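Report on the following structure.
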Amino acid sequence: MSASGPPPGARRLDPGQLAALLERLRTAALQRGFSPHTVRAYDGWVRRFVVFHRQCDPSELDAADLRRFLDHATLRGRVSASTRNQALNALVFLYRDVLGREPSPAPGPPLRAKPSSRVPLVLAPPEVEAILKQLRGPCRLMVAILYGSGLRVSECCRLRVRDVDFARDTLTVHDGKGLKDRVTLLPARIKQALRDHLDGVGYLHQADLARGGGRVPIPGNVSLAGSTAPRASSEWPWQWVFPTAVARLDRATGELVRNHIHERVVQREFAIAVRAAGIRKPATCHSLRHSFATQLHETGHDLRTIQKLLGHNDIATTLLYTRFSRGPARPVRSPLDGAS
């Protein structure tokens, strides 16, 4: 990205000062419940903003400088309206919540771009079945959950054993987008496969315990009585449903730790399966969440129920997945269970 000249005499940030500013940004974003995805995106936009203005201290820039950066990103980077607005949100957050001031009003048209109203990409049940046939192991099960339960890929990767309720046929998402909890469907079709998978995870966990490992991080809002160490637990309910195949040595504690499968692994395997299934749509893992919502609606389930399962704050977001109402609400059945 080409740089813009800073105001005459403006103070420039050295690498250490920029790192400190970005750390303040990340801390403030996490305290307000932003998802890790959003925190990384905001970090990237603020970093590019400072570099664009030749390391100038953002506190010495104004809204006209914001416009120059956003216009350059839009025209040269060819970013979408939603991506431009994400960049604007990051910069507004920087000024309001980190620097504690508002940038002066920008002349000209509004800084925020009008988002395009695109229809979400939806996969038909036969297409999902074709994709599932190309997958093996944990990734197959994870893709089935994305479609059958409407989870985001990050939420699926971070499922813990305690989140699975076989008796009630539910999955609980803790600390989802906006640090919200919600309960969604556990498809009956995958219950046995998930039980078998957890049996294997249990054997893996016992092996880790025997080697002095098996501890996983505990969410920050959970208190462990009498513990002064970083929040972690080796108890079975806290274990990841989808742990990595290889444990690593934690340099800080000297313990063997096993993280959850990274979402990029699932996304890569899904992309390979889409191509192998001969599907020409540019489908991603998030397309399965769109498909979950759309197909529930098309089979007659009411919008409020779908909104609750997806965890949307605003029903207008849920409406993006739907086109028309087709009858009254009825007991909810996962679309994965209705697939042939």
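Convention: chains lettered A, B, ... in structure tokens order; per-chain residue numbering from 1; ligands numbered from 1 as shown.
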For Ala276 in chain A, list every protein, DNA or RNA residue within 9 Å, evaluated using only C-alpha atoms, and leave out those in the same chain fewer than 4 positions away; present the list as a count of residues only.
5
Return as CSV the residues of range 228-286 of chain A lying at most 8 Å from range 136-160 of chain A, together with the closest atom-to-atom pair for each and the distance in Å to one decimal, counting only C-alpha atoms, with rows in chain order and ascending residue number.
```
residue,atom,partner,partner_atom,distance
A:Pro237,CA,A:Arg160,CA,6.8
A:Trp238,CA,A:Arg160,CA,5.7
A:Gln239,CA,A:Arg160,CA,5.4
A:Trp240,CA,A:Arg160,CA,4.4
A:Val241,CA,A:Arg160,CA,5.0
A:Phe242,CA,A:Cys157,CA,6.3
A:His260,CA,A:Cys157,CA,6.2
A:Ile261,CA,A:Cys157,CA,5.9
A:His262,CA,A:Cys157,CA,6.6
A:Glu263,CA,A:Ser154,CA,5.9
A:Val266,CA,A:Cys139,CA,5.9
A:Glu269,CA,A:Cys139,CA,7.1
A:Phe270,CA,A:Val143,CA,7.6
A:Cys285,CA,A:Val153,CA,6.6
A:His286,CA,A:Arg152,CA,6.5
```
Those same residues - N, CA and C atoms - I'd like them written as a PDB file, in the first residue's frame.
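Final output, saved to again.pdb:
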```pdb
ATOM      1  N   PRO A 237     -14.406 -32.925  31.386  1.00  0.00           N
ATOM      2  CA  PRO A 237     -15.399 -32.039  30.760  1.00  0.00           C
ATOM      3  C   PRO A 237     -14.809 -30.839  30.035  1.00  0.00           C
ATOM      4  N   TRP A 238     -13.595 -30.417  30.440  1.00  0.00           N
ATOM      5  CA  TRP A 238     -12.987 -29.240  29.814  1.00  0.00           C
ATOM      6  C   TRP A 238     -12.182 -29.576  28.559  1.00  0.00           C
ATOM      7  N   GLN A 239     -12.008 -30.840  28.248  1.00  0.00           N
ATOM      8  CA  GLN A 239     -11.178 -31.210  27.101  1.00  0.00           C
ATOM      9  C   GLN A 239     -11.844 -30.818  25.794  1.00  0.00           C
ATOM     10  N   TRP A 240     -11.018 -30.556  24.789  1.00  0.00           N
ATOM     11  CA  TRP A 240     -11.524 -30.216  23.463  1.00  0.00           C
ATOM     12  C   TRP A 240     -12.195 -31.431  22.829  1.00  0.00           C
ATOM     13  N   VAL A 241     -13.301 -31.200  22.137  1.00  0.00           N
ATOM     14  CA  VAL A 241     -13.937 -32.285  21.383  1.00  0.00           C
ATOM     15  C   VAL A 241     -13.074 -32.665  20.190  1.00  0.00           C
ATOM     16  N   PHE A 242     -12.405 -31.672  19.612  1.00  0.00           N
ATOM     17  CA  PHE A 242     -11.576 -31.918  18.422  1.00  0.00           C
ATOM     18  C   PHE A 242     -10.143 -31.449  18.687  1.00  0.00           C
ATOM     19  N   HIS A 260      -6.867 -27.338  20.345  1.00  0.00           N
ATOM     20  CA  HIS A 260      -7.922 -27.817  19.451  1.00  0.00           C
ATOM     21  C   HIS A 260      -7.473 -27.704  18.001  1.00  0.00           C
ATOM     22  N   ILE A 261      -8.113 -28.429  17.120  1.00  0.00           N
ATOM     23  CA  ILE A 261      -7.824 -28.337  15.686  1.00  0.00           C
ATOM     24  C   ILE A 261      -8.034 -26.896  15.231  1.00  0.00           C
ATOM     25  N   HIS A 262      -7.111 -26.393  14.442  1.00  0.00           N
ATOM     26  CA  HIS A 262      -7.215 -25.008  13.960  1.00  0.00           C
ATOM     27  C   HIS A 262      -8.236 -24.930  12.836  1.00  0.00           C
ATOM     28  N   GLU A 263      -8.958 -23.827  12.814  1.00  0.00           N
ATOM     29  CA  GLU A 263     -10.018 -23.688  11.801  1.00  0.00           C
ATOM     30  C   GLU A 263      -9.473 -23.729  10.378  1.00  0.00           C
ATOM     31  N   VAL A 266      -9.716 -27.209   8.949  1.00  0.00           N
ATOM     32  CA  VAL A 266     -11.057 -27.574   8.490  1.00  0.00           C
ATOM     33  C   VAL A 266     -11.375 -26.867   7.179  1.00  0.00           C
ATOM     34  N   GLU A 269      -9.496 -28.593   4.304  1.00  0.00           N
ATOM     35  CA  GLU A 269     -10.075 -29.883   3.955  1.00  0.00           C
ATOM     36  C   GLU A 269     -11.434 -29.719   3.278  1.00  0.00           C
ATOM     37  N   PHE A 270     -12.199 -28.742   3.728  1.00  0.00           N
ATOM     38  CA  PHE A 270     -13.505 -28.492   3.115  1.00  0.00           C
ATOM     39  C   PHE A 270     -13.335 -28.036   1.670  1.00  0.00           C
ATOM     40  N   CYS A 285     -16.714 -22.927   4.467  1.00  0.00           N
ATOM     41  CA  CYS A 285     -17.327 -23.509   5.664  1.00  0.00           C
ATOM     42  C   CYS A 285     -18.512 -22.672   6.140  1.00  0.00           C
ATOM     43  N   HIS A 286     -18.435 -21.366   5.960  1.00  0.00           N
ATOM     44  CA  HIS A 286     -19.530 -20.511   6.425  1.00  0.00           C
ATOM     45  C   HIS A 286     -20.787 -20.707   5.576  1.00  0.00           C
TER      46      HIS A 286
END
```
May I ask which of the residues A:Val92, A:Val257, A:Leu336, A:Ala124 is the closest one to Ile190 in chain A, counting only C-alpha atoms?
A:Leu336
Determine which residues of range 101-268 of chain A receive a DSSP assignment of strand (DSSP E), computed from the backbone, and state them as number ranges by chain.
A: 164-165, 170-173, 182-185, 216-217, 232-233, 248-249, 256-257
Grab the residues selected above and save them as a compact mmCIF listing (two decimals), in the first residue's frame with N, CA and C atoms.
```
# COMPACT_ATOMS: atom_id res chain seq x y z
N VAL A 164 -21.42 -30.96 24.86
CA VAL A 164 -22.21 -31.96 24.14
C VAL A 164 -23.18 -32.62 25.11
N ASP A 165 -24.46 -32.51 24.82
CA ASP A 165 -25.50 -33.13 25.66
C ASP A 165 -26.25 -34.16 24.82
N THR A 170 -28.41 -31.64 22.20
CA THR A 170 -28.03 -30.24 22.03
C THR A 170 -26.52 -30.07 22.08
N LEU A 171 -26.07 -29.00 21.46
CA LEU A 171 -24.70 -28.51 21.59
C LEU A 171 -24.79 -27.11 22.18
N THR A 172 -23.94 -26.81 23.14
CA THR A 172 -23.90 -25.47 23.73
C THR A 172 -22.65 -24.76 23.24
N VAL A 173 -22.85 -23.57 22.72
CA VAL A 173 -21.75 -22.73 22.27
C VAL A 173 -21.48 -21.71 23.37
N ARG A 182 -25.13 -19.88 23.58
CA ARG A 182 -26.40 -20.29 22.98
C ARG A 182 -26.44 -21.81 22.91
N VAL A 183 -27.63 -22.33 22.75
CA VAL A 183 -27.84 -23.77 22.62
C VAL A 183 -28.41 -24.03 21.23
N THR A 184 -27.85 -25.02 20.55
CA THR A 184 -28.34 -25.38 19.23
C THR A 184 -28.51 -26.89 19.13
N LEU A 185 -28.79 -27.37 17.94
CA LEU A 185 -29.16 -28.76 17.73
C LEU A 185 -27.94 -29.68 17.65
N VAL A 216 -5.83 -28.22 29.67
CA VAL A 216 -6.27 -27.30 28.61
C VAL A 216 -6.65 -25.98 29.25
N PRO A 217 -6.55 -24.87 28.51
CA PRO A 217 -6.90 -23.57 29.09
C PRO A 217 -8.38 -23.48 29.43
N ALA A 232 -6.24 -23.44 33.94
CA ALA A 232 -6.15 -24.61 33.08
C ALA A 232 -6.66 -25.80 33.87
N SER A 233 -7.10 -26.83 33.17
CA SER A 233 -7.65 -27.99 33.85
C SER A 233 -7.36 -29.24 33.05
N ARG A 248 2.17 -30.72 22.07
CA ARG A 248 3.41 -29.93 22.03
C ARG A 248 3.84 -29.60 23.46
N LEU A 249 5.10 -29.23 23.60
CA LEU A 249 5.64 -28.88 24.91
C LEU A 249 5.46 -27.39 25.16
N LEU A 256 3.14 -31.09 28.52
CA LEU A 256 2.62 -31.41 27.21
C LEU A 256 1.20 -30.89 27.10
N VAL A 257 0.91 -30.11 26.07
CA VAL A 257 -0.42 -29.56 25.88
C VAL A 257 -0.92 -29.93 24.49
```
Test item: residues at most 10 Å from Ala316 in chain A, only C-alpha atoms, excluding those fewer than 4 positions along its chain, as a list in words:
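Listing them by chain and then by number gives Leu303, Gln307, His312, Leu320 and Tyr321 of chain A.
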Could you write those residues out with C-alpha atoms, as a PDB file, in the first residue's frame?
```
ATOM      1  CA  LEU A 303     -37.514 -16.842  12.109  1.00  0.00           C
ATOM      2  CA  GLN A 307     -32.416 -16.476  15.110  1.00  0.00           C
ATOM      3  CA  HIS A 312     -28.105 -13.360  16.024  1.00  0.00           C
ATOM      4  CA  LEU A 320     -30.683 -12.247   5.050  1.00  0.00           C
ATOM      5  CA  TYR A 321     -30.829 -16.055   4.914  1.00  0.00           C
TER       6      TYR A 321
END
```
Between CA of Leu13 in chain A and CA of Val51 in chain A, what is the distance in Å, rounded to a tenth?
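Spanning CA of Leu13 in chain A to CA of Val51 in chain A is a straight-line distance of 9.8 Å.
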Could you list, as a list in words, every residue within 12 Å of range 95-102 of chain A, counting only C-alpha atoms and ignoring same-chain residues fewer than 3 positions away?
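Counting only C-alpha atoms, the residues come to Ala20, Leu21, Leu22, Glu23, Arg24, Leu25, Arg26, Thr27, Ala28, Ala29, Leu30, Gln31, Arg32, Val46, Asp57, Pro58, Ser59, Glu60, Leu61, Asp62, Ala63, Leu66, Leu88, Asn89, Ala90, Leu91, Val92, Pro105 and Ala106 of chain A.
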Using DSSP on the backbone coordinates, identify the residues of range 177-292 of chain A assigned to helix (DSSP H, G or I); present them as a ChimeraX atom specification.
/A:177-179,188-210,236-238,263-276,285-292
Please indicate the distance in Å from CA of His301 in chain A to CA of Gly338 in chain A, rounded to one decimal place.
13.7 Å
What lies within 6 Å of His290 in chain A using only C-alpha atoms, ignoring chain neighbours under 3 positions off, as a PyMOL selection string?
chain A and resi 122+287+293
Hey, can you check how far CA of His205 in chain A sits from CA of Ser234 in chain A?
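Here the two named atoms are 8.6 Å from each other.
Using only C-alpha atoms, the nearest neighbour of Arg189 in chain A within the list A:Asn259, A:Gln55, A:Asp163, A:Asp169 is A:Asp169.
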Got a sec: who's within 8 Å of Phe69 in chain A, counting only C-alpha atoms, leaving out chain neighbours fewer than 4 positions off, as a PyMOL selection string?
chain A and resi 49+52+65+73
